[in-house]
Amino acid sequence: GDSVTQMEGPVTLSEEAFLTINCTYTATGYPSLFWYVQYPGEGLQLLLKATKADDKGSNKGFEATYRKETTSFHLEKGSVQVSDSAVYFCALKDSGGSNYKLTFGKGTLLTVNP
Amino acid sequence: DTAVSQTPKYLVTQMGNDKSIKCEQNLGHDTMYWYKQDSKKFLKIMFSYNNKELIINETVPNRFSPKSPDKAHLNLHINSLELGDSAVYFCASSSQTGGGNQPQHFGDGTRLSIL
C-alpha cells in the first residue's frame with residue numbers, strides 16, 4: 001500500500017538557518033505530493049504541492065521538488081523565521097481508485113528560536 | 001466565510017456516552033473526509049464520502065457512523081465512547097475534478113476528551 005516516511009523530529013533551528021525536512025514515499029500509482037503545515041492549536045493548511053515528476057512546489061519561501069527517481073519530496077527553506085514553528089506533514093494522494101484519501105507521514109515538529 | 005467548519009471545537013464527555021461532531025463546507029466540493037489525529041500527531045483517514053456516497057471506510061469500529069445529508073455536510077456520530085477515542089478529529093473537503101489532484105481543505109479540528 002501507499003506510505004510516506006518523513007524525518008522524525010523535533011527539529012530545532014535558530015532564526016535564518018536553512019531548513020530541510022526529508023520525505024520519501026511509496027505508491028502504487030502516480031501520486032500527487034503535498035506538504036501541509038499545522039500551527040499550534042489549528043487545523044492543517046496546504047503549504048505546497050506537486051502533481052507530477054520534476055514539478056517544484058513553492059510557497060512562503062518553502063520549496064519541494066517531486067523526484068520520481070528517488071521517490072522523494074524534501075521540503076526546504078533558505079532562512080526560517082520564528083513564525084515557521086509548526087508541525088509539517090508530507091502527504092501523498094495516489095491516482096486511480098485510492099485518490100480519495102491522503103496518506104500522511106508522521107509529521108515533523110519544527111521549532112525556530114530567535 | 002470559513003471554508004470548512006466543524007463543531008464543537010472541544011468535546012469533553014464520559015466513557016460510554018454517544019456524541020456527534022458536525023462538519024460543513026462552503027467550497028462547493030464534492031468529496032468530504034474525516035481524519036483522526038492521535039496524541040503523537042499521527043493523522044489517519046477514517047472515512048471519505050463522494051457526492052454523499054461512502055467511498056472509504058478504513059477499518060474504523062462500527063461505533064463510528066458518518067452521515068452525509070448533502071454534499072456540503074458530513075457529520076460523525078460516535079456511540080459508546082471509549083478512552084481510546086480521545087483524539088483530535090479533522091474534517092476535510094476537496095474537489096475530485098481534474099483527476100483528483102486537488103488539495104484537501106481542513107477544518108480546525110474537534111478535540112475529543114474521554115473521562
# chains A, B, ... in the order shown; residues from 1 in each chain; ligands from 1

call {"tool": "residues_around", "arguments": {"residues": "B:Lys71", "least_positions_apart": "2", "cutoff": "7 Å", "atoms": "only C-alpha atoms", "output": "ChimeraX atom specification"}}
result
/B:30,51-52,68,73

call {"tool": "write_last_selection", "arguments": {"atoms": "all heavy atoms", "output": "short mmCIF file (atom, residue, chain, number, x, y, z; two decimals), in the first residue's frame"}}
result
data_model
loop_
_atom_site.label_atom_id
_atom_site.label_comp_id
_atom_site.auth_asym_id
_atom_site.auth_seq_id
_atom_site.Cartn_x
_atom_site.Cartn_y
_atom_site.Cartn_z
N ASP B 30 -17.12 18.19 -3.81
CA ASP B 30 -17.98 17.01 -3.90
C ASP B 30 -17.52 15.87 -2.99
O ASP B 30 -18.19 14.84 -2.91
CB ASP B 30 -18.04 16.51 -5.35
CG ASP B 30 -16.66 16.26 -5.93
OD1 ASP B 30 -15.65 16.32 -5.20
OD2 ASP B 30 -16.58 16.01 -7.16
N ASN B 51 -20.00 12.83 -3.21
CA ASN B 51 -21.40 13.04 -3.60
C ASN B 51 -22.37 12.22 -2.73
O ASN B 51 -23.26 11.54 -3.22
CB ASN B 51 -21.62 12.70 -5.07
CG ASN B 51 -21.01 13.73 -5.99
OD1 ASN B 51 -21.15 14.93 -5.77
ND2 ASN B 51 -20.31 13.27 -7.01
N LYS B 52 -22.15 12.28 -1.44
CA LYS B 52 -22.97 11.63 -0.41
C LYS B 52 -22.82 10.12 -0.38
O LYS B 52 -23.51 9.44 0.37
CB LYS B 52 -24.45 11.98 -0.56
CG LYS B 52 -24.77 13.46 -0.51
CD LYS B 52 -26.24 13.72 -0.30
CE LYS B 52 -27.08 13.15 -1.42
NZ LYS B 52 -28.53 13.24 -1.16
N SER B 68 -23.97 11.76 5.72
CA SER B 68 -23.83 12.87 4.79
C SER B 68 -25.20 13.22 4.23
O SER B 68 -25.63 12.65 3.22
CB SER B 68 -22.87 12.49 3.66
OG SER B 68 -22.67 13.57 2.78
N HIS B 73 -22.25 18.65 3.80
CA HIS B 73 -22.19 18.24 5.20
C HIS B 73 -21.75 16.79 5.35
O HIS B 73 -22.17 15.93 4.58
CB HIS B 73 -23.58 18.40 5.86
CG HIS B 73 -24.07 19.80 5.93
ND1 HIS B 73 -24.70 20.42 4.88
CD2 HIS B 73 -24.00 20.72 6.93
CE1 HIS B 73 -25.01 21.67 5.23
NE2 HIS B 73 -24.60 21.86 6.47
#

call {"tool": "closest_atom_pairs", "arguments": {"of": "chain A", "to": "chain B", "cutoff": "6 Å", "atoms": "only C-alpha atoms", "output": "CSV"}}
result
residue,atom,partner,partner_atom,distance
A:Glu42,CA,B:Asp108,CA,5.3
A:Gly43,CA,B:Asp108,CA,4.0
A:Leu44,CA,B:Phe106,CA,5.8
A:Lys106,CA,B:Phe42,CA,5.1

call {"tool": "select_by_dssp", "arguments": {"residues": "stretch 67-101 of chain A", "states": "strand (DSSP E or B)", "output": "PyMOL selection string"}}
result
chain A and resi 67+72+75-77+86-93

call {"tool": "write_last_selection", "arguments": {"atoms": "C-alpha atoms", "output": "compact mmCIF listing (two decimals), in the first residue's frame"}}
result
# COMPACT_ATOMS: atom_id res chain seq x y z
CA ARG A 67 11.77 13.42 -7.58
CA SER A 72 11.30 11.93 -2.60
CA LEU A 75 10.92 20.38 1.99
CA GLU A 76 13.45 23.23 2.08
CA LYS A 77 13.58 26.84 3.16
CA ALA A 86 4.80 24.32 13.46
CA VAL A 87 4.31 20.64 12.60
CA TYR A 88 4.96 19.82 8.94
CA PHE A 89 3.30 16.86 7.23
CA CYS A 90 4.29 15.27 3.95
CA ALA A 91 1.38 13.55 2.21
CA LEU A 92 0.51 11.77 -0.99
CA LYS A 93 -2.67 11.25 -2.92

call {"tool": "residues_around", "arguments": {"residues": "A:Leu19", "least_positions_apart": "4", "cutoff": "12 Å", "atoms": "only C-alpha atoms", "output": "ChimeraX atom specification"}}
result
/A:11-15,61-64,74-81,84-85,88,108,110-112

call {"tool": "select_by_dssp", "arguments": {"residues": "stretch 38-110 of chain B", "states": "helix (DSSP H, G or I)", "output": "ChimeraX atom specification"}}
result
/B:83-85,97-99

call {"tool": "write_last_selection", "arguments": {"atoms": "C-alpha atoms", "output": "PDB file, in the first residue's frame"}}
result
ATOM      1  CA  LEU B  83     -10.923   6.090  26.329  1.00  0.00           C
ATOM      2  CA  GLY B  84      -9.031   5.307  23.122  1.00  0.00           C
ATOM      3  CA  ASP B  85     -11.348   7.589  21.173  1.00  0.00           C
ATOM      4  CA  THR B  97     -12.473  17.202 -10.776  1.00  0.00           C
ATOM      5  CA  GLY B  98      -9.233  17.317 -12.725  1.00  0.00           C
ATOM      6  CA  GLY B  99      -8.243  13.777 -11.859  1.00  0.00           C
TER       7      GLY B  99
END

call {"tool": "residues_around", "arguments": {"residues": "A:Ser58", "least_positions_apart": "6", "cutoff": "8 Å", "atoms": "only C-alpha atoms", "output": "PyMOL selection string"}}
result
chain A and resi 47-49+64

call {"tool": "write_last_selection", "arguments": {"atoms": "N, CA, C and O atoms", "output": "tab-separated table (two decimals), in the first residue's frame"}}
result
chain	number	residue	atom	x	y	z
A	47	LEU	N	0.57	23.80	2.29
A	47	LEU	CA	1.74	24.66	2.13
A	47	LEU	C	2.15	24.70	0.65
A	47	LEU	O	2.35	25.77	0.09
A	48	LEU	N	2.29	23.53	0.04
A	48	LEU	CA	2.63	23.47	-1.38
A	48	LEU	C	2.32	22.08	-1.91
A	48	LEU	O	2.10	21.15	-1.13
A	49	LYS	N	2.32	21.95	-3.22
A	49	LYS	CA	2.02	20.67	-3.83
A	49	LYS	C	2.75	20.52	-5.15
A	49	LYS	O	3.21	21.50	-5.74
A	64	ALA	N	9.71	22.42	-2.61
A	64	ALA	CA	9.91	20.98	-2.63
A	64	ALA	C	9.81	20.52	-4.07
A	64	ALA	O	8.93	21.00	-4.81

call {"tool": "residues_around", "arguments": {"residues": "stretch 21-27 of chain A", "least_positions_apart": "6", "cutoff": "6 Å", "atoms": "only C-alpha atoms", "output": "MDAnalysis selection string"}}
result
chainID A and resid 2:7 71:75

call {"tool": "atom_distance", "arguments": {"atom1": "atom CA of A:Asn113", "atom2": "atom CA of A:Tyr36"}}
result
21.2 Å

call {"tool": "residues_around", "arguments": {"residues": "B:Ile21", "least_positions_apart": "6", "cutoff": "10 Å", "atoms": "only C-alpha atoms", "output": "count of residues only"}}
result
18

call {"tool": "closest_residue", "arguments": {"among": "A:Ala53, A:Gln45, A:Tyr100, A:Gly1", "to": "B:Leu54", "atoms": "only C-alpha atoms"}}
result
A:Tyr100
